[in-house]
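Asker: CSV, C-alpha atoms, saved as input-v1.csv, coming up:
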chain,number,residue,atom,x,y,z
Y,1,MET,CA,25.6,12.9,-11.2
Y,2,SER,CA,26.6,10.8,-8.2
Y,3,GLU,CA,29.4,8.2,-7.7
Y,4,GLN,CA,29.1,4.6,-6.6
Y,5,SER,CA,31.8,2.0,-6.0
Y,6,ILE,CA,31.1,-1.4,-7.6
Y,7,GLN,CA,33.8,-4.1,-7.0
Y,8,GLY,CA,36.4,-1.5,-6.4
Y,9,VAL,CA,35.7,0.5,-9.5
Y,10,THR,CA,34.1,3.9,-9.2
Y,11,VAL,CA,31.3,4.6,-11.6
Y,12,ARG,CA,29.1,7.6,-12.1
Y,13,GLU,CA,25.4,7.3,-11.7
Y,14,PRO,CA,22.7,9.5,-13.4
Y,15,ALA,CA,21.2,12.0,-11.0
Y,16,ALA,CA,17.7,10.5,-11.4
Y,17,LEU,CA,15.8,7.9,-13.3
Y,18,PRO,CA,14.0,8.9,-16.5
Y,19,ALA,CA,10.7,10.5,-15.7
Y,20,LYS,CA,9.0,8.0,-18.1
Y,21,MET,CA,10.3,5.0,-16.1
Y,22,VAL,CA,9.3,6.5,-12.7
Y,23,PHE,CA,5.8,7.3,-14.0
Y,24,THR,CA,5.4,3.8,-15.4
Y,25,LEU,CA,6.5,2.3,-12.0
Y,26,ALA,CA,4.1,4.5,-10.1
Y,27,ALA,CA,1.2,3.7,-12.5
Y,28,GLY,CA,2.0,0.0,-12.2
Y,29,ALA,CA,2.0,0.1,-8.4
Y,30,GLY,CA,-1.3,1.9,-8.3
Y,31,LEU,CA,-3.2,-0.2,-10.9
Y,32,SER,CA,-2.0,-3.5,-9.4
Y,33,VAL,CA,-2.8,-2.7,-5.8
Y,34,ALA,CA,-6.2,-1.2,-6.8
Y,35,SER,CA,-7.2,-4.7,-7.9
Y,36,ILE,CA,-7.7,-5.7,-4.3
Y,37,TYR,CA,-10.1,-2.8,-3.5
Y,38,TYR,CA,-12.4,-2.7,-6.5
Y,39,SER,CA,-14.9,-5.1,-5.0
Y,40,GLN,CA,-15.6,-3.1,-1.8
Y,41,PRO,CA,-18.2,-0.6,-3.2
Y,42,MET,CA,-19.7,-3.2,-5.6
Y,43,LEU,CA,-20.5,-6.0,-3.1
Y,44,GLY,CA,-24.2,-5.2,-3.1
Y,45,ILE,CA,-24.5,-5.3,-6.9
Y,46,MET,CA,-22.3,-8.4,-7.2
Y,47,GLY,CA,-24.3,-10.3,-4.6
Y,48,SER,CA,-27.6,-9.5,-6.3
Y,49,GLY,CA,-26.2,-10.5,-9.7
Y,50,LEU,CA,-24.9,-13.8,-8.4
Y,51,ASN,CA,-27.8,-14.5,-6.0
Y,52,ALA,CA,-25.3,-14.6,-3.2
Y,53,SER,CA,-26.0,-14.0,0.5
Y,54,LEU,CA,-24.6,-11.0,2.3
Y,55,SER,CA,-22.1,-13.2,4.2
Y,56,GLN,CA,-21.0,-14.8,0.9
Y,57,SER,CA,-20.5,-11.4,-0.8
Y,58,GLY,CA,-18.6,-10.2,2.2
Y,59,MET,CA,-16.0,-13.0,1.7
Y,60,VAL,CA,-14.9,-11.5,-1.6
Y,61,PRO,CA,-12.7,-8.7,-0.1
Y,62,THR,CA,-11.7,-10.9,2.8
Y,63,LEU,CA,-10.3,-13.6,0.5
Y,64,THR,CA,-8.7,-11.0,-1.7
Y,65,GLN,CA,-6.9,-9.6,1.3
Y,66,MET,CA,-5.9,-13.1,2.5
Y,67,GLY,CA,-4.5,-13.7,-1.0
Y,68,TYR,CA,-2.5,-10.5,-0.8
Y,69,ALA,CA,-1.1,-11.4,2.7
Y,70,LEU,CA,-0.1,-14.8,1.5
Y,71,GLY,CA,1.5,-13.4,-1.6
Y,72,ILE,CA,3.5,-10.9,0.4
Y,73,LEU,CA,4.9,-13.7,2.6
Y,74,PHE,CA,5.5,-16.4,-0.1
Y,75,LEU,CA,5.9,-14.6,-3.4
Y,76,VAL,CA,7.5,-11.2,-2.8
Y,77,PRO,CA,10.8,-12.8,-1.5
Y,78,LEU,CA,11.3,-14.4,-4.9
Y,79,GLY,CA,12.4,-10.9,-6.1
Y,80,ASP,CA,15.7,-11.5,-4.3
Y,81,ARG,CA,16.2,-14.9,-6.1
Y,82,PHE,CA,15.1,-14.2,-9.7
Y,83,ASP,CA,15.2,-11.4,-12.2
Y,84,ARG,CA,12.6,-9.0,-10.9
Y,85,ARG,CA,11.7,-8.0,-14.4
Y,86,ASN,CA,10.6,-11.5,-15.2
Y,87,ILE,CA,8.6,-11.7,-12.0
Y,88,ILE,CA,6.8,-8.4,-12.8
Y,89,LEU,CA,5.9,-9.7,-16.2
Y,90,PHE,CA,4.6,-13.0,-14.9
Y,91,LYS,CA,2.5,-11.4,-12.1
Y,92,SER,CA,1.1,-8.9,-14.6
Y,93,LEU,CA,-0.1,-11.8,-16.8
Y,94,LEU,CA,-1.4,-13.7,-13.8
Y,95,LEU,CA,-3.3,-10.6,-12.5
Y,96,MET,CA,-4.7,-9.8,-15.9
Y,97,LEU,CA,-6.0,-13.4,-16.3
Y,98,ALA,CA,-7.5,-13.4,-12.7
Y,99,LEU,CA,-9.3,-10.1,-13.3
Y,100,LEU,CA,-10.6,-11.3,-16.6
Y,101,LEU,CA,-11.9,-14.5,-15.1
Y,102,CYS,CA,-13.5,-12.5,-12.3
Y,103,GLY,CA,-15.4,-10.5,-14.9
Y,104,PHE,CA,-16.9,-13.7,-16.3
Y,105,ALA,CA,-17.3,-15.6,-13.1
Y,106,PRO,CA,-20.5,-17.7,-13.3
Y,107,GLY,CA,-21.2,-18.0,-9.6
Y,108,ILE,CA,-20.2,-16.8,-6.1
Y,109,HIS,CA,-18.0,-19.9,-5.4
Y,110,SER,CA,-15.8,-19.4,-8.5
Y,111,LEU,CA,-15.7,-15.7,-7.7
Y,112,LEU,CA,-14.4,-16.4,-4.2
Y,113,LEU,CA,-11.6,-18.7,-5.5
Y,114,ILE,CA,-10.6,-16.1,-8.1
Y,115,SER,CA,-10.6,-13.4,-5.5
Y,116,LEU,CA,-7.9,-15.3,-3.6
Y,117,LEU,CA,-5.8,-15.4,-6.8
Y,118,ILE,CA,-6.3,-11.7,-7.5
Y,119,GLY,CA,-4.9,-10.9,-4.1
Y,120,ALA,CA,-1.8,-13.0,-4.6
Y,121,ALA,CA,-1.1,-11.6,-8.0
Y,122,ALA,CA,-1.7,-8.0,-6.9
Y,123,THR,CA,1.5,-8.3,-4.8
Y,124,LEU,CA,3.0,-7.2,-8.2
Y,125,ALA,CA,3.0,-3.8,-6.5
Y,126,GLN,CA,5.4,-5.0,-3.8
Y,127,ASP,CA,7.8,-6.1,-6.6
Y,128,ILE,CA,7.6,-2.7,-8.3
Y,129,VAL,CA,8.6,-0.7,-5.2
Y,130,PRO,CA,11.8,-2.6,-4.5
Y,131,ALA,CA,12.6,-2.4,-8.2
Y,132,SER,CA,12.4,1.4,-8.0
Y,133,ALA,CA,14.7,1.5,-5.0
Y,134,THR,CA,17.2,-0.7,-6.7
Y,135,LEU,CA,17.3,1.4,-9.9
Y,136,ALA,CA,17.3,4.8,-8.2
Y,137,PRO,CA,20.7,6.4,-7.4
Y,138,VAL,CA,21.2,6.7,-3.6
Y,139,ALA,CA,21.0,10.5,-3.6
Y,140,VAL,CA,17.4,10.5,-4.9
Y,141,ARG,CA,16.2,7.1,-3.7
Y,142,GLY,CA,13.8,8.6,-1.2
Y,143,LYS,CA,12.2,10.9,-3.8
Y,144,THR,CA,11.9,8.0,-6.3
Y,145,VAL,CA,10.4,5.6,-3.8
Y,146,GLY,CA,8.1,8.4,-2.7
Y,147,THR,CA,6.8,9.0,-6.2
Y,148,VAL,CA,6.2,5.3,-6.8
Y,149,MET,CA,4.5,4.9,-3.4
Y,150,THR,CA,2.3,7.9,-4.3
Y,151,GLY,CA,1.0,5.9,-7.2
Y,152,LEU,CA,0.3,2.9,-5.0
Y,153,LEU,CA,-1.6,4.9,-2.4
Y,154,VAL,CA,-3.6,6.8,-5.0
Y,155,GLY,CA,-4.5,3.5,-6.5
Y,156,ILE,CA,-5.9,2.4,-3.1
Y,157,LEU,CA,-7.8,5.6,-2.4
Y,158,LEU,CA,-9.3,6.1,-5.9
Y,159,SER,CA,-10.0,2.4,-6.7
Y,160,ARG,CA,-13.3,2.6,-4.7
Y,161,VAL,CA,-14.4,5.8,-6.4
Y,162,VAL,CA,-13.7,4.4,-9.9
Y,163,SER,CA,-15.3,1.0,-9.3
Y,164,GLY,CA,-18.4,2.5,-7.7
Y,165,VAL,CA,-19.0,4.7,-10.7
Y,166,VAL,CA,-18.3,2.1,-13.3
Y,167,ALA,CA,-20.4,-0.5,-11.6
Y,168,GLU,CA,-23.4,1.9,-11.3
Y,169,TYR,CA,-23.4,2.7,-15.0
Y,170,PHE,CA,-21.9,-0.4,-16.7
Y,171,GLY,CA,-22.1,-3.2,-14.1
Y,172,TRP,CA,-19.5,-4.9,-11.9
Y,173,ARG,CA,-18.3,-7.3,-14.6
Y,174,ALA,CA,-17.3,-4.3,-16.8
Y,175,MET,CA,-15.1,-3.0,-14.0
Y,176,TYR,CA,-13.1,-6.2,-13.8
Y,177,GLN,CA,-12.8,-6.4,-17.5
Y,178,LEU,CA,-11.5,-2.8,-17.6
Y,179,ALA,CA,-9.1,-3.6,-14.8
Y,180,ALA,CA,-7.8,-6.6,-16.7
Y,181,LEU,CA,-7.1,-4.4,-19.7
Y,182,SER,CA,-5.4,-1.7,-17.6
Y,183,VAL,CA,-3.1,-4.3,-16.0
Y,184,ALA,CA,-2.2,-5.8,-19.4
Y,185,LEU,CA,-1.2,-2.4,-20.8
Y,186,ILE,CA,0.8,-1.4,-17.7
Y,187,GLY,CA,2.5,-4.8,-17.6
Y,188,LEU,CA,3.6,-4.4,-21.2
Y,189,ALA,CA,4.9,-0.9,-20.5
Y,190,LEU,CA,6.9,-2.1,-17.5
Y,191,TRP,CA,8.4,-4.9,-19.6
Y,192,ARG,CA,9.5,-2.3,-22.1
Y,193,VAL,CA,11.1,0.3,-19.7
Y,194,LEU,CA,12.7,-1.9,-17.1
Y,195,PRO,CA,16.2,-3.4,-17.4
Y,196,ARG,CA,17.1,-6.9,-16.3
Y,197,PHE,CA,17.9,-7.3,-12.6
Y,198,THR,CA,20.7,-9.4,-11.2
Y,199,PRO,CA,19.4,-11.6,-8.4
Y,200,GLY,CA,20.8,-10.8,-5.0
Y,201,THR,CA,21.1,-14.4,-3.8
Y,202,GLU,CA,21.2,-17.9,-5.1
Y,203,MET,CA,19.5,-19.5,-2.0
Y,204,SER,CA,16.9,-22.1,-2.5
Y,205,TYR,CA,13.3,-21.1,-2.0
Y,206,PRO,CA,13.0,-22.8,1.5
Y,207,ALA,CA,16.2,-21.1,2.6
Y,208,LEU,CA,15.0,-17.8,1.2
Y,209,LEU,CA,11.9,-18.0,3.4
Y,210,LEU,CA,13.8,-19.2,6.5
Y,211,SER,CA,16.3,-16.3,6.0
Y,212,MET,CA,13.4,-13.8,6.7
Y,213,ARG,CA,13.5,-14.8,10.4
Y,214,HIS,CA,17.2,-14.0,10.4
Y,215,LEU,CA,16.7,-10.6,8.8
Y,216,TRP,CA,13.9,-9.8,11.3
Y,217,LEU,CA,16.1,-10.7,14.3
Y,218,ARG,CA,19.2,-9.0,12.9
Y,219,TYR,CA,17.9,-5.5,12.1
Y,220,LYS,CA,16.5,-3.4,14.9
Y,221,THR,CA,15.8,-0.7,12.3
Y,222,LEU,CA,13.5,-3.1,10.4
Y,223,ARG,CA,11.6,-4.0,13.6
Y,224,ARG,CA,11.2,-0.4,14.6
Y,225,ALA,CA,10.1,0.7,11.2
Y,226,ALA,CA,7.6,-2.2,10.9
Y,227,LEU,CA,6.1,-1.5,14.4
Y,228,SER,CA,5.8,2.2,13.8
Y,229,GLN,CA,4.2,1.8,10.4
Y,230,GLY,CA,1.9,-0.9,11.7
Y,231,LEU,CA,0.6,1.4,14.4
Y,232,LEU,CA,-0.1,4.1,11.8
Y,233,SER,CA,-2.0,1.5,9.7
Y,234,VAL,CA,-4.2,0.8,12.7
Y,235,GLY,CA,-5.4,4.4,12.7
Y,236,PHE,CA,-5.6,4.6,8.9
Y,237,SER,CA,-7.7,1.5,8.6
Y,238,ALA,CA,-9.9,2.3,11.6
Y,239,PHE,CA,-10.8,5.7,9.9
Y,240,TRP,CA,-11.5,4.4,6.4
Y,241,SER,CA,-13.3,1.2,7.4
Y,242,THR,CA,-15.9,3.1,9.5
Y,243,LEU,CA,-16.2,6.4,7.6
Y,244,ALA,CA,-19.1,5.3,5.3
Y,245,ILE,CA,-21.1,4.0,8.3
Y,246,MET,CA,-20.6,7.2,10.3
Y,247,LEU,CA,-21.4,9.5,7.3
Y,248,SER,CA,-24.6,7.5,6.7
Y,249,ASN,CA,-25.7,7.5,10.4
Y,250,THR,CA,-24.7,11.0,11.3
Y,251,TYR,CA,-25.1,13.0,8.1
Y,252,HIS,CA,-27.4,10.7,6.0
Y,253,LEU,CA,-24.9,10.6,3.2
Y,254,GLY,CA,-24.6,7.7,0.7
Y,255,SER,CA,-21.7,5.4,-0.1
Y,256,GLY,CA,-20.9,7.6,-3.2
Y,257,VAL,CA,-20.0,10.5,-0.9
Y,258,ALA,CA,-18.0,8.3,1.3
Y,259,GLY,CA,-16.1,7.0,-1.7
Y,260,ALA,CA,-15.4,10.6,-2.8
Y,261,PHE,CA,-13.6,11.2,0.5
Y,262,GLY,CA,-10.9,9.1,-1.1
Y,263,LEU,CA,-10.1,12.1,-3.2
Y,264,ALA,CA,-9.1,14.0,-0.1
Y,265,GLY,CA,-6.8,11.2,0.9
Y,266,ALA,CA,-5.4,11.2,-2.7
Y,267,ALA,CA,-4.6,14.9,-2.3
Y,268,GLY,CA,-2.5,14.2,0.7
Y,269,ALA,CA,-0.8,11.3,-1.1
Y,270,LEU,CA,0.2,13.5,-4.0
Y,271,ALA,CA,2.4,15.5,-1.7
Y,272,ALA,CA,4.4,12.4,-0.7
Y,273,PRO,CA,7.3,13.0,-3.1
Y,274,LEU,CA,8.1,16.1,-1.1
Y,275,ALA,CA,8.6,13.8,1.9
Y,276,GLY,CA,10.9,11.7,-0.2
Y,277,LYS,CA,13.0,14.7,-1.1
Y,278,LEU,CA,13.1,15.8,2.5
Y,279,ALA,CA,14.2,12.3,3.5
Y,280,ASP,CA,17.1,12.5,1.0
Y,281,LYS,CA,18.1,15.9,2.5
Y,282,GLN,CA,17.3,15.6,6.3
Y,283,GLY,CA,17.4,11.9,6.7
Y,284,PRO,CA,14.5,9.5,6.7
Y,285,ALA,CA,14.4,9.0,10.5
Y,286,ARG,CA,13.6,12.6,11.0
Y,287,VAL,CA,10.8,12.5,8.4
Y,288,THR,CA,9.3,9.4,10.2
Y,289,GLN,CA,9.0,11.6,13.3
Y,290,LEU,CA,7.4,14.5,11.5
Y,291,GLY,CA,5.0,12.1,9.6
Y,292,SER,CA,3.9,10.3,12.8
Y,293,ALA,CA,3.3,13.7,14.5
Y,294,LEU,CA,1.2,14.9,11.6
Y,295,VAL,CA,-0.9,11.8,11.7
Y,296,MET,CA,-1.5,12.2,15.5
Y,297,VAL,CA,-2.4,15.9,15.2
Y,298,SER,CA,-4.7,15.3,12.2
Y,299,PHE,CA,-6.7,12.7,14.0
Y,300,ALA,CA,-6.8,14.6,17.2
Y,301,ALA,CA,-8.2,17.7,15.4
Y,302,MET,CA,-11.5,15.7,14.9
Y,303,PHE,CA,-12.1,16.0,18.7
Y,304,LEU,CA,-13.3,19.5,17.8
Y,305,LEU,CA,-16.2,18.2,15.7
Y,306,PRO,CA,-19.0,18.5,18.4
Y,307,TRP,CA,-18.4,22.2,18.6
Y,308,LEU,CA,-18.7,22.9,14.9
Y,309,SER,CA,-21.7,23.2,12.5
Y,310,PRO,CA,-22.4,20.2,10.2
Y,311,HIS,CA,-20.8,21.8,7.2
Y,312,ALA,CA,-17.7,22.8,9.2
Y,313,GLN,CA,-17.6,19.3,10.6
Y,314,LEU,CA,-17.4,17.7,7.1
Y,315,ALA,CA,-14.8,20.3,6.1
Y,316,LEU,CA,-12.7,19.3,9.1
Y,317,ILE,CA,-13.0,15.6,8.3
Y,318,VAL,CA,-11.7,16.3,4.8
Y,319,LEU,CA,-8.8,18.4,6.1
Y,320,SER,CA,-7.9,15.7,8.6
Y,321,ALA,CA,-8.0,13.0,5.9
Y,322,ILE,CA,-5.6,15.1,3.8
Y,323,GLY,CA,-3.3,15.5,6.8
Y,324,PHE,CA,-3.1,12.0,8.1
Y,325,ASP,CA,-2.9,10.5,4.6
Y,326,LEU,CA,0.1,12.7,3.9
Y,327,GLY,CA,1.6,11.7,7.3
Y,328,VAL,CA,1.1,8.0,6.7
Y,329,GLN,CA,2.5,8.2,3.2
Y,330,ALA,CA,5.5,10.3,4.2
Y,331,THR,CA,6.4,7.9,7.1
Y,332,LEU,CA,6.0,4.8,4.9
Y,333,VAL,CA,8.3,6.2,2.2
Y,334,SER,CA,10.9,7.1,4.8
Y,335,HIS,CA,10.6,3.7,6.5
Y,336,GLN,CA,11.1,2.0,3.2
Y,337,THR,CA,14.2,4.2,2.5
Y,338,LEU,CA,15.6,3.1,5.9
Y,339,VAL,CA,14.8,-0.6,5.4
Y,340,TYR,CA,16.0,-0.8,1.7
Y,341,GLY,CA,19.4,0.5,2.8
Y,342,LEU,CA,20.0,-2.3,5.3
Y,343,GLU,CA,20.8,-5.1,2.9
Y,344,PRO,CA,20.3,-4.3,-0.9
Y,345,ALA,CA,20.5,-8.0,-1.8
Y,346,ALA,CA,17.5,-8.7,0.5
Y,347,ARG,CA,15.2,-5.9,-0.5
Y,348,GLY,CA,12.4,-8.2,-1.5
Y,349,ARG,CA,12.4,-10.1,1.8
Y,350,LEU,CA,12.8,-6.8,3.8
Y,351,ASN,CA,9.8,-5.4,2.0
Y,352,ALA,CA,7.8,-8.5,2.6
Y,353,LEU,CA,8.5,-8.3,6.4
Y,354,LEU,CA,7.7,-4.6,6.5
Y,355,PHE,CA,4.4,-5.0,4.7
Y,356,THR,CA,3.3,-8.1,6.6
Y,357,VAL,CA,3.3,-6.0,9.8
Y,358,VAL,CA,1.5,-3.1,7.9
Y,359,PHE,CA,-1.1,-5.6,6.7
Y,360,ILE,CA,-1.6,-6.9,10.3
Y,361,GLY,CA,-2.0,-3.3,11.4
Y,362,MET,CA,-4.7,-2.8,8.7
Y,363,ALA,CA,-6.6,-5.8,9.8
Y,364,VAL,CA,-6.4,-4.9,13.5
Y,365,GLY,CA,-7.5,-1.3,12.7
Y,366,SER,CA,-10.5,-2.5,10.8
Y,367,ALA,CA,-11.6,-4.8,13.7
Y,368,LEU,CA,-10.9,-2.3,16.5
Y,369,GLY,CA,-12.4,0.6,14.5
Y,370,SER,CA,-15.7,-1.2,14.1
Y,371,LYS,CA,-15.7,-2.0,17.8
Y,372,ALA,CA,-14.8,1.6,18.8
Y,373,LEU,CA,-17.6,2.9,16.6
Y,374,GLU,CA,-20.1,0.6,18.2
Y,375,LEU,CA,-19.0,1.4,21.8
Y,376,GLY,CA,-18.0,5.0,21.6
Y,377,GLY,CA,-19.3,6.4,18.4
Y,378,TRP,CA,-17.1,8.5,16.1
Y,379,SER,CA,-15.3,9.9,19.1
Y,380,GLY,CA,-14.2,6.4,19.9
Y,381,VAL,CA,-12.8,5.9,16.4
Y,382,VAL,CA,-11.0,9.3,16.7
Y,383,ALA,CA,-9.5,8.3,20.1
Y,384,LEU,CA,-8.3,5.0,18.7
Y,385,ALA,CA,-6.7,6.6,15.7
Y,386,THR,CA,-5.1,9.3,17.7
Y,387,LEU,CA,-3.6,6.9,20.2
Y,388,ALA,CA,-2.2,4.8,17.4
Y,389,GLY,CA,-0.5,7.9,15.9
Y,390,ALA,CA,0.9,8.8,19.3
Y,391,ALA,CA,2.3,5.3,19.8
Y,392,SER,CA,3.9,5.4,16.4
Y,393,LEU,CA,5.5,8.8,17.3
Y,394,LEU,CA,6.8,7.3,20.6
Y,395,VAL,CA,8.4,4.4,18.7
Y,396,ARG,CA,10.1,6.9,16.3
Y,397,MET,CA,11.3,9.2,19.1
Y,398,MET,CA,13.1,6.3,20.8
Y,399,SER,CA,15.8,6.7,18.2
Y,400,ARG,CA,16.9,9.6,16.0
Y,401,LYS,CA,18.8,7.5,13.5
Y,402,LEU,CA,17.1,4.2,13.1
Take the structure in this file and express it as structure tokens.

Answerer:
Amino acid sequence: MSEQSIQGVTVREPAALPAKMVFTLAAGAGLSVASIYYSQPMLGIMGSGLNASLSQSGMVPTLTQMGYALGILFLVPLGDRFDRRNIILFKSLLLMLALLLCGFAPGIHSLLLISLLIGAAATLAQDIVPASATLAPVAVRGKTVGTVMTGLLVGILLSRVVSGVVAEYFGWRAMYQLAALSVALIGLALWRVLPRFTPGTEMSYPALLLSMRHLWLRYKTLRRAALSQGLLSVGFSAFWSTLAIMLSNTYHLGSGVAGAFGLAGAAGALAAPLAGKLADKQGPARVTQLGSALVMVSFAAMFLLPWLSPHAQLALIVLSAIGFDLGVQATLVSHQTLVYGLEPAARGRLNALLFTVVFIGMAVGSALGSKALELGGWSGVVALATLAGAASLLVRMMSRKL
């Protein structure tokens, strides 16, 4: 049990949230964010089925990501103004409907429009994470957020594996219909286990959006966390966006094997709750330094690839993926713990600002990763990712507390 003072009255909090609630939050985060990645391994099948060109098919994940970015900026802050439980239910219904429509899309143009909607509704994940931080007692907030974020990252990493297998055996439409069912079930589960949330502000929607600029300028901790995590996202995205091409060109391995590498990343993500517990005990700032260092070392280890046999090279890539995914996840959990403690009534907006920079890092990493692979081969990608990890570590070493 821990104690908390509310309006001058000391009350006792439970030592932790019920395991059922934490699991439901983690599953909700994973299943919702997975919706924006299902299309990536299915683009060829989708394009053939809809008689779409390669460029048209390629717009599906692009518009989905655009929808997600817009949703983070314009929808996630609503969690500070309205009951977050109602928002989670509404977005669950919207995402379920969008996925279902996608499964029955008659043509590429309707599919592109629906993809934008899927991205916006999938920001449900960014409402679930602040909800877990609000509900968790301070003493175990890092551990709780870490567990929920593990669900989110596992959803990202395994979504490509699942959609690739389902599309191969049952078709791409079946994948979206199955995804709609999964979101409907988890949305109902969230509605049943979550309590009502008291809004943190009564500001109007325009004022809510304008206040985000004030929050960004006011909190150096937020800016430092966003920059550091954004740099790690550059390396993370550069690796995963070029891995399939490298495996095909160098080892003549198919996309199915590339998707299976997501299992290695998931293994690293599963250890993230340990980082949350460490953040609760040692302080989140310290964990951000350790996480950034682990990312840098894991990427740098791949400079040894030219001196290894092909089988040993693949083994090293797997180990590196486990290492840097654990580092990225541990640092993200700790950054969120730092940011959520700044102003509890503004957690939705703080989360939106943090993930906007993370999203920018992802986009930059994808673009720079492709260019690095073109100009310098896989060594160029490794160099880019290692430098990004080193820059993140430098940002974190500039302060021991923030």

Asker: When distances are computed from all atoms listed in the file, which of Y:Gln313, Y:Ser35, Y:Gln329, Y:Thr144 shows the smallest separation from Ala121 of chain Y?

Answerer: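 Residue with the minimum atom-to-atom distance to Ala121 of chain Y: Y:Ser35.
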
Asker: At what distance in Å, to one decimal, does atom CA of Ser233 of chain Y lie from atom CA of Met246 of chain Y?

Answerer: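 Distance between the two atoms: 19.5 Å.
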
Asker: Calculated over all atoms listed in the file, which of the candidates Y:Ser110, Y:Ser379, Y:Gln40, Y:Ser48 has the smallest distance to Pro61 of chain Y?

Answerer: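 Answer, going by the shortest atom-to-atom distance: Y:Gln40.
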
Asker: Within 12 Å of segment 345-348 of chain Y, counting all atoms listed in the file, which residues qualify if same-chain residues fewer than 6 places away don't, as a ChimeraX atom specification?

Answerer: /Y:72-84,87,123-134,197-203,208-209,211-212,214-216,222,336-339,354-355

Asker: Mind checking which residues fall within 8 Å of segment 163-180 of chain Y, counting all atoms listed in the file, ignoring those fewer than 6 positions away in the same chain, and posting them as a PyMOL selection string?

Answerer: chain Y and resi 31+35+38-39+41-42+45-46+95-100+102-104+256+259

Asker: Excluding same-chain residues fewer than 3 positions from segment 382-393 of chain Y, what lies within 10 Å of it counting all atoms listed in the file, as a ChimeraX atom specification?

Answerer: /Y:224-225,227-239,288-303,324,327-328,331,365,368-369,372-373,376-379,396-398

Asker: Go through Y:Ile245, Y:Ala260, Y:Ile118, Y:Ala367 one by one, measure the shortest atom-to-atom distance of each to Leu93 of chain Y using only C-alpha atoms, and give the residue with the smallest value.

Answerer: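 Ranked by minimum distance to Leu93 of chain Y, first place goes to Y:Ile118.
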
Asker: Could you work out how far atom CA of Lys20 of chain Y lies from atom CA of Tyr37 of chain Y, giving the answer in Å with one decimal?

Answerer: 26.4 Å

Asker: Between Y:Ser182, Y:Ser115, Y:Ser334, Y:Asn249, which has the minimum distance to Lys277 of chain Y (counting all atoms listed in the file)?

Answerer: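 Ranking Y:Ser182, Y:Ser115, Y:Ser334, Y:Asn249 by distance to Lys277 of chain Y, first place goes to Y:Ser334.
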
Asker: Please report the interatomic distance between atom CA of Val145 of chain Y and atom CA of Ala226 of chain Y in Å with one decimal.

Answerer: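 Going from atom CA of Val145 of chain Y over to atom CA of Ala226 of chain Y, I get 16.9 Å.
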